[in-house]
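Trainee: Structure file target.pdb, PDB, C-alpha atoms, is pasted below:
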```
ATOM      1  CA  MET A 739      39.117 -42.074 -31.089
ATOM      2  CA  SER A 740      36.592 -40.133 -29.042
ATOM      3  CA  SER A 741      37.568 -36.957 -27.281
ATOM      4  CA  ILE A 742      38.676 -38.124 -23.855
ATOM      5  CA  ASN A 743      37.177 -36.445 -20.840
ATOM      6  CA  THR A 744      39.954 -34.975 -18.670
ATOM      7  CA  HIS A 745      37.971 -35.316 -15.441
ATOM      8  CA  SER A 746      39.843 -38.338 -14.121
ATOM      9  CA  HIS A 747      41.960 -40.077 -16.758
ATOM     10  CA  LEU A 748      45.183 -38.272 -15.800
ATOM     11  CA  PHE A 749      44.667 -39.295 -12.187
ATOM     12  CA  TYR A 750      44.234 -42.940 -13.185
ATOM     13  CA  ASP A 751      47.259 -42.735 -15.486
ATOM     14  CA  LYS A 752      49.324 -41.799 -12.435
ATOM     15  CA  ILE A 753      48.034 -44.602 -10.213
ATOM     16  CA  SER A 754      47.867 -47.352 -12.859
ATOM     17  CA  ARG A 755      50.821 -49.272 -11.369
ATOM     18  CA  LEU A 756      49.467 -48.921  -7.829
ATOM     19  CA  TYR A 757      45.924 -49.938  -8.754
ATOM     20  CA  PRO A 758      46.421 -53.601  -7.665
ATOM     21  CA  LEU A 759      46.362 -52.335  -4.062
ATOM     22  CA  ILE A 760      42.873 -50.897  -4.645
ATOM     23  CA  GLU A 761      41.843 -53.981  -6.613
ATOM     24  CA  VAL A 762      42.312 -56.156  -3.516
ATOM     25  CA  PHE A 763      39.211 -54.549  -1.973
ATOM     26  CA  LEU A 764      37.175 -54.788  -5.177
ATOM     27  CA  ARG A 765      38.083 -58.341  -6.213
ATOM     28  CA  PRO A 766      35.366 -60.285  -4.306
ATOM     29  CA  GLN A 767      32.598 -58.135  -5.768
ATOM     30  CA  LYS A 768      34.027 -58.358  -9.298
ATOM     31  CA  ARG A 769      34.188 -62.137  -9.055
ATOM     32  CA  ALA A 770      30.499 -62.223  -8.081
ATOM     33  CA  LEU A 771      29.643 -60.018 -11.056
ATOM     34  CA  ILE A 772      31.627 -62.058 -13.574
ATOM     35  CA  HIS A 773      30.126 -65.297 -12.250
ATOM     36  CA  ARG A 774      26.673 -63.965 -13.138
ATOM     37  CA  VAL A 775      27.875 -62.907 -16.594
ATOM     38  CA  ASN A 776      29.454 -66.301 -17.235
ATOM     39  CA  CYS A 777      26.106 -68.005 -16.612
ATOM     40  CA  LEU A 778      24.699 -66.372 -19.759
ATOM     41  CA  LEU A 779      24.944 -67.499 -23.386
ATOM     42  CA  ALA A 780      28.039 -66.368 -25.269
ATOM     43  CA  GLY A 781      27.769 -62.913 -26.771
ATOM     44  CA  ASN A 782      29.448 -59.581 -27.449
ATOM     45  CA  LEU A 783      30.278 -57.893 -24.166
ATOM     46  CA  LEU A 784      31.391 -54.312 -23.611
ATOM     47  CA  GLU A 785      33.095 -53.425 -20.363
ATOM     48  CA  ILE A 786      33.259 -49.678 -19.758
ATOM     49  CA  GLY A 787      36.081 -48.688 -17.428
ATOM     50  CA  VAL A 788      38.096 -51.867 -17.807
ATOM     51  CA  GLY A 789      40.940 -50.499 -15.680
ATOM     52  CA  ASP A 790      44.119 -52.564 -15.521
ATOM     53  CA  GLY A 791      42.312 -55.689 -16.761
ATOM     54  CA  ALA A 792      43.326 -57.890 -13.825
ATOM     55  CA  HIS A 793      39.914 -59.593 -13.887
ATOM     56  CA  LEU A 794      39.557 -60.130 -17.644
ATOM     57  CA  HIS A 795      40.856 -63.709 -17.551
ATOM     58  CA  LEU A 796      37.795 -64.669 -15.476
ATOM     59  CA  TYR A 797      35.349 -64.147 -18.354
ATOM     60  CA  ARG A 798      34.259 -67.272 -20.236
ATOM     61  CA  ASN A 799      32.710 -67.677 -23.713
ATOM     62  CA  HIS A 800      32.117 -63.995 -24.446
ATOM     63  CA  HIS A 801      33.910 -61.771 -26.939
ATOM     64  CA  ILE A 802      35.105 -58.866 -24.784
ATOM     65  CA  THR A 803      35.624 -55.255 -25.788
ATOM     66  CA  GLY A 804      37.134 -53.247 -22.950
ATOM     67  CA  ILE A 805      37.375 -49.477 -22.952
ATOM     68  CA  ASP A 806      38.921 -46.951 -20.604
ATOM     69  CA  THR A 807      39.935 -43.293 -20.726
ATOM     70  CA  SER A 808      43.279 -43.954 -19.035
ATOM     71  CA  GLU A 809      46.239 -44.798 -21.272
ATOM     72  CA  GLY A 810      48.170 -45.995 -18.223
ATOM     73  CA  MET A 811      45.478 -48.471 -17.233
ATOM     74  CA  LEU A 812      45.091 -49.755 -20.792
ATOM     75  CA  LYS A 813      48.851 -50.232 -21.105
ATOM     76  CA  VAL A 814      48.856 -52.482 -18.038
ATOM     77  CA  ALA A 815      45.789 -54.360 -19.317
ATOM     78  CA  THR A 816      47.413 -54.870 -22.735
ATOM     79  CA  GLU A 817      50.536 -56.336 -21.127
ATOM     80  CA  ARG A 818      48.394 -59.144 -19.730
ATOM     81  CA  LYS A 819      47.873 -60.469 -23.297
ATOM     82  CA  ILE A 820      44.442 -61.976 -22.628
ATOM     83  CA  LYS A 821      42.828 -63.732 -25.606
ATOM     84  CA  ASN A 822      39.482 -62.686 -27.095
ATOM     85  CA  VAL A 823      39.779 -59.195 -25.610
ATOM     86  CA  LEU A 824      39.900 -55.984 -27.637
ATOM     87  CA  LEU A 825      41.099 -52.941 -25.672
ATOM     88  CA  ILE A 826      40.345 -49.406 -26.872
ATOM     89  CA  ARG A 827      40.866 -45.959 -25.378
ATOM     90  CA  MET A 828      37.404 -44.413 -25.387
ATOM     91  CA  ASP A 829      35.068 -42.367 -23.218
ATOM     92  CA  GLY A 830      31.946 -44.198 -22.032
ATOM     93  CA  GLU A 831      29.995 -40.959 -22.320
ATOM     94  CA  ALA A 832      30.779 -40.738 -26.052
ATOM     95  CA  LEU A 833      30.877 -44.295 -27.405
ATOM     96  CA  LEU A 834      31.997 -44.796 -30.997
ATOM     97  CA  PHE A 835      30.042 -48.001 -31.522
ATOM     98  CA  GLN A 836      27.032 -48.689 -33.703
ATOM     99  CA  GLN A 837      23.570 -48.824 -32.185
ATOM    100  CA  GLU A 838      22.482 -52.160 -30.704
ATOM    101  CA  GLN A 839      25.940 -53.707 -30.991
ATOM    102  CA  PHE A 840      26.373 -55.483 -27.631
ATOM    103  CA  ASP A 841      24.537 -58.302 -25.876
ATOM    104  CA  TYR A 842      25.975 -57.386 -22.477
ATOM    105  CA  ILE A 843      27.503 -54.259 -20.939
ATOM    106  CA  VAL A 844      29.450 -54.203 -17.684
ATOM    107  CA  LEU A 845      29.986 -51.096 -15.532
ATOM    108  CA  SER A 846      32.165 -52.062 -12.595
ATOM    109  CA  HIS A 847      32.848 -49.179 -10.186
ATOM    110  CA  VAL A 848      32.354 -46.698 -13.024
ATOM    111  CA  ILE A 849      29.272 -44.586 -12.418
ATOM    112  CA  ALA A 850      30.852 -42.968  -9.350
ATOM    113  CA  VAL A 851      33.836 -41.685 -11.366
ATOM    114  CA  VAL A 852      32.277 -40.353 -14.584
ATOM    115  CA  ASN A 853      31.341 -36.706 -15.060
ATOM    116  CA  ASN A 854      27.830 -37.348 -16.344
ATOM    117  CA  PRO A 855      26.159 -40.640 -15.344
ATOM    118  CA  GLU A 856      23.015 -39.607 -17.245
ATOM    119  CA  GLN A 857      24.930 -39.407 -20.513
ATOM    120  CA  LEU A 858      26.715 -42.667 -19.735
ATOM    121  CA  PHE A 859      23.384 -44.487 -19.337
ATOM    122  CA  ASN A 860      22.051 -42.911 -22.532
ATOM    123  CA  GLU A 861      25.059 -44.259 -24.422
ATOM    124  CA  VAL A 862      24.725 -47.690 -22.821
ATOM    125  CA  PHE A 863      21.078 -47.806 -23.864
ATOM    126  CA  ARG A 864      21.998 -46.848 -27.432
ATOM    127  CA  VAL A 865      24.623 -49.549 -28.013
ATOM    128  CA  LEU A 866      22.822 -52.355 -26.144
ATOM    129  CA  LYS A 867      20.839 -54.853 -28.197
ATOM    130  CA  PRO A 868      17.105 -55.265 -27.502
ATOM    131  CA  ASN A 869      16.712 -57.483 -24.425
ATOM    132  CA  GLY A 870      20.427 -57.108 -23.737
ATOM    133  CA  ARG A 871      21.626 -56.931 -20.147
ATOM    134  CA  VAL A 872      23.593 -54.377 -18.176
ATOM    135  CA  PHE A 873      25.588 -55.327 -15.083
ATOM    136  CA  ILE A 874      26.335 -52.477 -12.690
ATOM    137  CA  LEU A 875      28.623 -53.048  -9.740
ATOM    138  CA  ASN A 876      29.098 -50.039  -7.507
ATOM    139  CA  HIS A 877      28.876 -48.692  -4.005
ATOM    140  CA  PHE A 878      25.551 -47.006  -3.320
ATOM    141  CA  THR A 879      25.030 -44.883  -0.247
ATOM    142  CA  PRO A 880      22.831 -47.061   1.995
ATOM    143  CA  ASN A 881      20.215 -45.982   4.476
ATOM    144  CA  ASN A 882      22.210 -47.207   7.458
ATOM    145  CA  TRP A 883      25.235 -46.062   9.461
ATOM    146  CA  LEU A 884      27.467 -46.215   6.363
ATOM    147  CA  LYS A 885      25.708 -43.183   4.889
ATOM    148  CA  TYR A 886      27.526 -41.057   7.481
ATOM    149  CA  VAL A 887      30.850 -42.415   6.245
ATOM    150  CA  ASP A 888      29.954 -41.479   2.674
ATOM    151  CA  HIS A 889      28.925 -37.952   3.646
ATOM    152  CA  THR A 890      32.009 -37.467   5.810
ATOM    153  CA  PHE A 891      34.285 -38.616   3.004
ATOM    154  CA  ALA A 892      32.549 -36.530   0.308
ATOM    155  CA  PHE A 893      35.063 -33.667   0.417
ATOM    156  CA  PHE A 894      38.088 -35.955   0.144
ATOM    157  CA  SER A 895      36.524 -38.139  -2.543
ATOM    158  CA  LYS A 896      36.510 -35.198  -4.959
ATOM    159  CA  LYS A 897      40.311 -35.121  -4.738
ATOM    160  CA  LEU A 898      40.342 -38.809  -5.674
ATOM    161  CA  HIS A 899      37.954 -38.227  -8.604
ATOM    162  CA  PHE A 900      34.962 -40.191  -7.417
ATOM    163  CA  LYS A 901      31.625 -39.517  -5.745
ATOM    164  CA  SER A 902      31.315 -41.040  -2.288
ATOM    165  CA  VAL A 903      27.619 -40.122  -1.961
ATOM    166  CA  LEU A 904      25.745 -41.969  -4.688
ATOM    167  CA  HIS A 905      22.063 -42.919  -4.997
ATOM    168  CA  SER A 906      21.050 -44.972  -8.040
ATOM    169  CA  HIS A 907      17.483 -43.618  -8.075
ATOM    170  CA  GLU A 908      18.833 -40.125  -8.777
ATOM    171  CA  ILE A 909      20.063 -41.197 -12.225
ATOM    172  CA  THR A 910      16.889 -40.686 -14.246
ATOM    173  CA  SER A 911      18.188 -42.225 -17.489
ATOM    174  CA  ARG A 912      18.505 -45.547 -15.649
ATOM    175  CA  LYS A 913      14.715 -45.714 -15.828
ATOM    176  CA  LYS A 914      15.031 -46.674 -19.499
ATOM    177  CA  PHE A 915      15.956 -50.133 -18.241
ATOM    178  CA  LYS A 916      14.041 -52.790 -16.363
ATOM    179  CA  LEU A 917      15.612 -53.942 -13.086
ATOM    180  CA  LEU A 918      15.946 -57.740 -13.195
ATOM    181  CA  ASP A 919      17.884 -58.273  -9.994
ATOM    182  CA  GLU A 920      19.613 -56.407  -7.185
ATOM    183  CA  VAL A 921      22.282 -58.328  -5.295
ATOM    184  CA  PRO A 922      23.676 -56.849  -2.052
ATOM    185  CA  LEU A 923      27.406 -57.371  -1.611
ATOM    186  CA  GLY A 924      30.014 -56.483   0.989
ATOM    187  CA  LEU A 925      29.773 -55.068   4.485
ATOM    188  CA  ALA A 926      26.221 -53.923   5.322
ATOM    189  CA  SER A 927      25.313 -54.272   1.638
ATOM    190  CA  TYR A 928      27.479 -51.268   0.809
ATOM    191  CA  PHE A 929      28.082 -52.612  -2.694
ATOM    192  CA  LYS A 930      25.288 -53.698  -4.996
ATOM    193  CA  LEU A 931      25.165 -55.590  -8.243
ATOM    194  CA  LEU A 932      22.303 -54.318 -10.381
ATOM    195  CA  ILE A 933      21.217 -56.363 -13.401
ATOM    196  CA  LEU A 934      19.180 -54.366 -15.903
ATOM    197  CA  GLN A 935      17.497 -55.149 -19.204
TER     198      GLN A 935
END
```
Spell out the structure here as structure tokens.
Mentor:
Amino acid sequence: MSSINTHSHLFYDKISRLYPLIEVFLRPQKRALIHRVNCLLAGNLLEIGVGDGAHLHLYRNHHITGIDTSEGMLKVATERKIKNVLLIRMDGEALLFQQEQFDYIVLSHVIAVVNNPEQLFNEVFRVLKPNGRVFILNHFTPNNWLKYVDHTFAFFSKKLHFKSVLHSHEITSRKKFKLLDEVPLGLASYFKLLILQ
């Protein structure tokens, strides 16, 4: 087992049974993401930050490995008893997988809650097969009126262990990948699905 970063996993342990209330707001975007993944040929898929696993039954054809730092979240996900899914407690910033092991990697609402997004992307690049694809679903601070909401909420978001102000272009290690598609989702395109290769 990797050493687990203490930045947020204790917080998510505490809210693991309440997470379905948060999931209500995230569900439409996750369905859009998984639809795109299901259109691809079967392969080995790693989901980093699998949470309570409420969405895992939506995947088709792929062999899924789901990791999370929160024992509480993984316990709930394990109770769902979903076939073809391996769940492991592991830190996405210190993956214990071989190089070039996965065809697809999914990061759903993850990069705003990790300590070091740069290191996360370096690890994703290492374990992704050549020509593999990365699916990133997250809020990104837009250049419209919603940016003021993000900046206003920045102080409180630290207490909830996530970054409200987030710009994808500031993560330099993302430049190791080629952007294949960018799909705006949600109110005023507040959420985006990025597909990288």
Trainee: Show me the residues close to (33.1, -62.2, -4.0) - anything with an atom within 12 Å, counting only C-alpha atoms - and format the list as a PDB file with C-alpha atoms, keeping the file's coordinate frame.
Mentor:
```pdb
ATOM      1  CA  VAL A 762      42.312 -56.156  -3.516  1.00  0.00           C
ATOM      2  CA  PHE A 763      39.211 -54.549  -1.973  1.00  0.00           C
ATOM      3  CA  LEU A 764      37.175 -54.788  -5.177  1.00  0.00           C
ATOM      4  CA  ARG A 765      38.083 -58.341  -6.213  1.00  0.00           C
ATOM      5  CA  PRO A 766      35.366 -60.285  -4.306  1.00  0.00           C
ATOM      6  CA  GLN A 767      32.598 -58.135  -5.768  1.00  0.00           C
ATOM      7  CA  LYS A 768      34.027 -58.358  -9.298  1.00  0.00           C
ATOM      8  CA  ARG A 769      34.188 -62.137  -9.055  1.00  0.00           C
ATOM      9  CA  ALA A 770      30.499 -62.223  -8.081  1.00  0.00           C
ATOM     10  CA  LEU A 771      29.643 -60.018 -11.056  1.00  0.00           C
ATOM     11  CA  ILE A 772      31.627 -62.058 -13.574  1.00  0.00           C
ATOM     12  CA  HIS A 773      30.126 -65.297 -12.250  1.00  0.00           C
ATOM     13  CA  ARG A 774      26.673 -63.965 -13.138  1.00  0.00           C
ATOM     14  CA  LEU A 875      28.623 -53.048  -9.740  1.00  0.00           C
ATOM     15  CA  VAL A 921      22.282 -58.328  -5.295  1.00  0.00           C
ATOM     16  CA  PRO A 922      23.676 -56.849  -2.052  1.00  0.00           C
ATOM     17  CA  LEU A 923      27.406 -57.371  -1.611  1.00  0.00           C
ATOM     18  CA  GLY A 924      30.014 -56.483   0.989  1.00  0.00           C
ATOM     19  CA  LEU A 925      29.773 -55.068   4.485  1.00  0.00           C
ATOM     20  CA  PHE A 929      28.082 -52.612  -2.694  1.00  0.00           C
ATOM     21  CA  LYS A 930      25.288 -53.698  -4.996  1.00  0.00           C
ATOM     22  CA  LEU A 931      25.165 -55.590  -8.243  1.00  0.00           C
TER      23      LEU A 931
END
```
Trainee: Out of A:Val775, A:Leu858, A:Val851, A:Lys819, which residue has the shortest atom-to-atom distance to Ile933 in chain A when counting all atoms listed in the file?
Mentor: A:Val775
Trainee: When you draw a straight line from CA of His795 in chain A to CA of Val814 in chain A, how long is it in Å?
Mentor: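 Computing the Euclidean distance for CA of His795 in chain A and CA of Val814 in chain A yields 13.8 Å.
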Trainee: Please enumerate the residues selected by the PyMOL selection byres ((chain A and resi 799) around 10) when evaluated against the supplied file, formatted as a list of chain:residue names.
Mentor: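 Applied to this file, the PyMOL selection byres ((chain A and resi 799) around 10) selects A:Val775, A:Asn776, A:Cys777, A:Leu778, A:Leu779, A:Ala780, A:Gly781, A:Asn782, A:Tyr797, A:Arg798, A:His800, A:His801, A:Ile802, A:Asn822.
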Trainee: Which is closest to Glu831 in chain A among A:Lys916, A:Arg871, A:His793, A:Arg864, if we use all atoms listed in the file?
Mentor: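 Of the candidates, the smallest distance to Glu831 in chain A is held by A:Arg864.
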Trainee: Do you have the CA of Asn853 in chain A-CA of Phe915 in chain A distance handy?
Mentor: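 These two atoms are separated by 20.7 Å.
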Trainee: So the first atom is CA of Ile874 in chain A and the second is CA of Leu932 in chain A; what is the distance between them in Å, to one decimal place?
Mentor: 5.0 Å
Trainee: Ranking A:Ile820, A:Val848, A:Phe873, A:Gln857 by minimum distance to Leu783 in chain A and counting only C-alpha atoms, which one comes first?
Mentor: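 So, comparing all the options, the nearest one is A:Phe873.
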Trainee: So, counting all atoms listed in the file, which residue among A:Ile909, A:Leu812, A:Leu784, A:Ile826 is closest to Asp841 in chain A?
Mentor: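 Residue with the minimum atom-to-atom distance to Asp841 in chain A: A:Leu784.
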Trainee: Compare A:Val872, A:Met811, A:Val862, A:Leu824 by their minimum atom-to-atom distance to Gly789 in chain A, counting all atoms listed in the file, and give me the closest one.
Mentor: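 Selected residue with least distance to Gly789 in chain A: A:Met811.
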Trainee: Could you write out as number ranges by chain the residues that the PyMOL selection byres ((chain A and resi 832) around 12) matches in the shown file?
Mentor: A: 739-743, 786, 805-807, 827-831, 833-836, 852-862, 864-865
Trainee: Because the input lacks atoms here, generate N, CA and C atoms for range 906-931 of chain A and report them as a PDB file, in the coordinates of the input.
Mentor:
```pdb
ATOM      1  N   SER A 906      21.374 -44.539  -6.674  1.00  0.00           N
ATOM      2  CA  SER A 906      21.050 -44.972  -8.040  1.00  0.00           C
ATOM      3  C   SER A 906      19.738 -44.374  -8.536  1.00  0.00           C
ATOM      4  N   HIS A 907      18.783 -44.138  -7.640  1.00  0.00           N
ATOM      5  CA  HIS A 907      17.483 -43.618  -8.075  1.00  0.00           C
ATOM      6  C   HIS A 907      17.562 -42.185  -8.590  1.00  0.00           C
ATOM      7  N   GLU A 908      18.670 -41.500  -8.315  1.00  0.00           N
ATOM      8  CA  GLU A 908      18.833 -40.125  -8.777  1.00  0.00           C
ATOM      9  C   GLU A 908      19.258 -40.048 -10.243  1.00  0.00           C
ATOM     10  N   ILE A 909      19.654 -41.172 -10.820  1.00  0.00           N
ATOM     11  CA  ILE A 909      20.063 -41.197 -12.225  1.00  0.00           C
ATOM     12  C   ILE A 909      18.821 -41.518 -13.054  1.00  0.00           C
ATOM     13  N   THR A 910      18.193 -40.503 -13.602  1.00  0.00           N
ATOM     14  CA  THR A 910      16.889 -40.686 -14.246  1.00  0.00           C
ATOM     15  C   THR A 910      16.967 -41.529 -15.509  1.00  0.00           C
ATOM     16  N   SER A 911      18.079 -41.456 -16.246  1.00  0.00           N
ATOM     17  CA  SER A 911      18.188 -42.225 -17.489  1.00  0.00           C
ATOM     18  C   SER A 911      18.270 -43.721 -17.228  1.00  0.00           C
ATOM     19  N   ARG A 912      18.527 -44.124 -15.991  1.00  0.00           N
ATOM     20  CA  ARG A 912      18.505 -45.547 -15.649  1.00  0.00           C
ATOM     21  C   ARG A 912      17.106 -46.120 -15.781  1.00  0.00           C
ATOM     22  N   LYS A 913      16.101 -45.263 -15.753  1.00  0.00           N
ATOM     23  CA  LYS A 913      14.715 -45.714 -15.828  1.00  0.00           C
ATOM     24  C   LYS A 913      14.353 -46.247 -17.214  1.00  0.00           C
ATOM     25  N   LYS A 914      15.252 -46.081 -18.183  1.00  0.00           N
ATOM     26  CA  LYS A 914      15.031 -46.674 -19.499  1.00  0.00           C
ATOM     27  C   LYS A 914      15.139 -48.193 -19.451  1.00  0.00           C
ATOM     28  N   PHE A 915      15.708 -48.701 -18.389  1.00  0.00           N
ATOM     29  CA  PHE A 915      15.956 -50.133 -18.241  1.00  0.00           C
ATOM     30  C   PHE A 915      15.018 -50.740 -17.207  1.00  0.00           C
ATOM     31  N   LYS A 916      14.804 -52.020 -17.340  1.00  0.00           N
ATOM     32  CA  LYS A 916      14.041 -52.790 -16.363  1.00  0.00           C
ATOM     33  C   LYS A 916      15.022 -53.447 -15.391  1.00  0.00           C
ATOM     34  N   LEU A 917      14.777 -53.300 -14.094  1.00  0.00           N
ATOM     35  CA  LEU A 917      15.612 -53.942 -13.086  1.00  0.00           C
ATOM     36  C   LEU A 917      15.235 -55.411 -12.968  1.00  0.00           C
ATOM     37  N   LEU A 918      16.182 -56.300 -13.293  1.00  0.00           N
ATOM     38  CA  LEU A 918      15.946 -57.740 -13.195  1.00  0.00           C
ATOM     39  C   LEU A 918      16.342 -58.296 -11.832  1.00  0.00           C
ATOM     40  N   ASP A 919      17.402 -57.744 -11.267  1.00  0.00           N
ATOM     41  CA  ASP A 919      17.884 -58.273  -9.994  1.00  0.00           C
ATOM     42  C   ASP A 919      18.758 -57.227  -9.315  1.00  0.00           C
ATOM     43  N   GLU A 920      18.752 -57.270  -7.999  1.00  0.00           N
ATOM     44  CA  GLU A 920      19.613 -56.407  -7.185  1.00  0.00           C
ATOM     45  C   GLU A 920      20.249 -57.270  -6.113  1.00  0.00           C
ATOM     46  N   VAL A 921      21.566 -57.412  -6.179  1.00  0.00           N
ATOM     47  CA  VAL A 921      22.282 -58.328  -5.295  1.00  0.00           C
ATOM     48  C   VAL A 921      23.142 -57.522  -4.324  1.00  0.00           C
ATOM     49  N   PRO A 922      22.837 -57.563  -3.027  1.00  0.00           N
ATOM     50  CA  PRO A 922      23.676 -56.849  -2.052  1.00  0.00           C
ATOM     51  C   PRO A 922      25.007 -57.575  -1.858  1.00  0.00           C
ATOM     52  N   LEU A 923      26.065 -56.801  -1.765  1.00  0.00           N
ATOM     53  CA  LEU A 923      27.406 -57.371  -1.611  1.00  0.00           C
ATOM     54  C   LEU A 923      28.191 -56.550  -0.588  1.00  0.00           C
ATOM     55  N   GLY A 924      29.116 -57.190   0.097  1.00  0.00           N
ATOM     56  CA  GLY A 924      30.014 -56.483   0.989  1.00  0.00           C
ATOM     57  C   GLY A 924      29.390 -56.140   2.329  1.00  0.00           C
ATOM     58  N   LEU A 925      30.167 -55.451   3.143  1.00  0.00           N
ATOM     59  CA  LEU A 925      29.773 -55.068   4.485  1.00  0.00           C
ATOM     60  C   LEU A 925      28.508 -54.225   4.459  1.00  0.00           C
ATOM     61  N   ALA A 926      27.487 -54.651   5.191  1.00  0.00           N
ATOM     62  CA  ALA A 926      26.221 -53.923   5.322  1.00  0.00           C
ATOM     63  C   ALA A 926      25.620 -53.575   3.962  1.00  0.00           C
ATOM     64  N   SER A 927      25.849 -54.457   3.000  1.00  0.00           N
ATOM     65  CA  SER A 927      25.313 -54.272   1.638  1.00  0.00           C
ATOM     66  C   SER A 927      25.765 -52.951   1.008  1.00  0.00           C
ATOM     67  N   TYR A 928      26.970 -52.547   1.320  1.00  0.00           N
ATOM     68  CA  TYR A 928      27.479 -51.268   0.809  1.00  0.00           C
ATOM     69  C   TYR A 928      27.622 -51.287  -0.706  1.00  0.00           C
ATOM     70  N   PHE A 929      28.005 -52.435  -1.247  1.00  0.00           N
ATOM     71  CA  PHE A 929      28.082 -52.612  -2.694  1.00  0.00           C
ATOM     72  C   PHE A 929      26.832 -53.332  -3.175  1.00  0.00           C
ATOM     73  N   LYS A 930      26.419 -53.003  -4.392  1.00  0.00           N
ATOM     74  CA  LYS A 930      25.288 -53.698  -4.996  1.00  0.00           C
ATOM     75  C   LYS A 930      25.621 -54.042  -6.442  1.00  0.00           C
ATOM     76  N   LEU A 931      25.123 -55.194  -6.846  1.00  0.00           N
ATOM     77  CA  LEU A 931      25.165 -55.590  -8.243  1.00  0.00           C
ATOM     78  C   LEU A 931      23.757 -55.443  -8.796  1.00  0.00           C
TER      79      LEU A 931
END
```
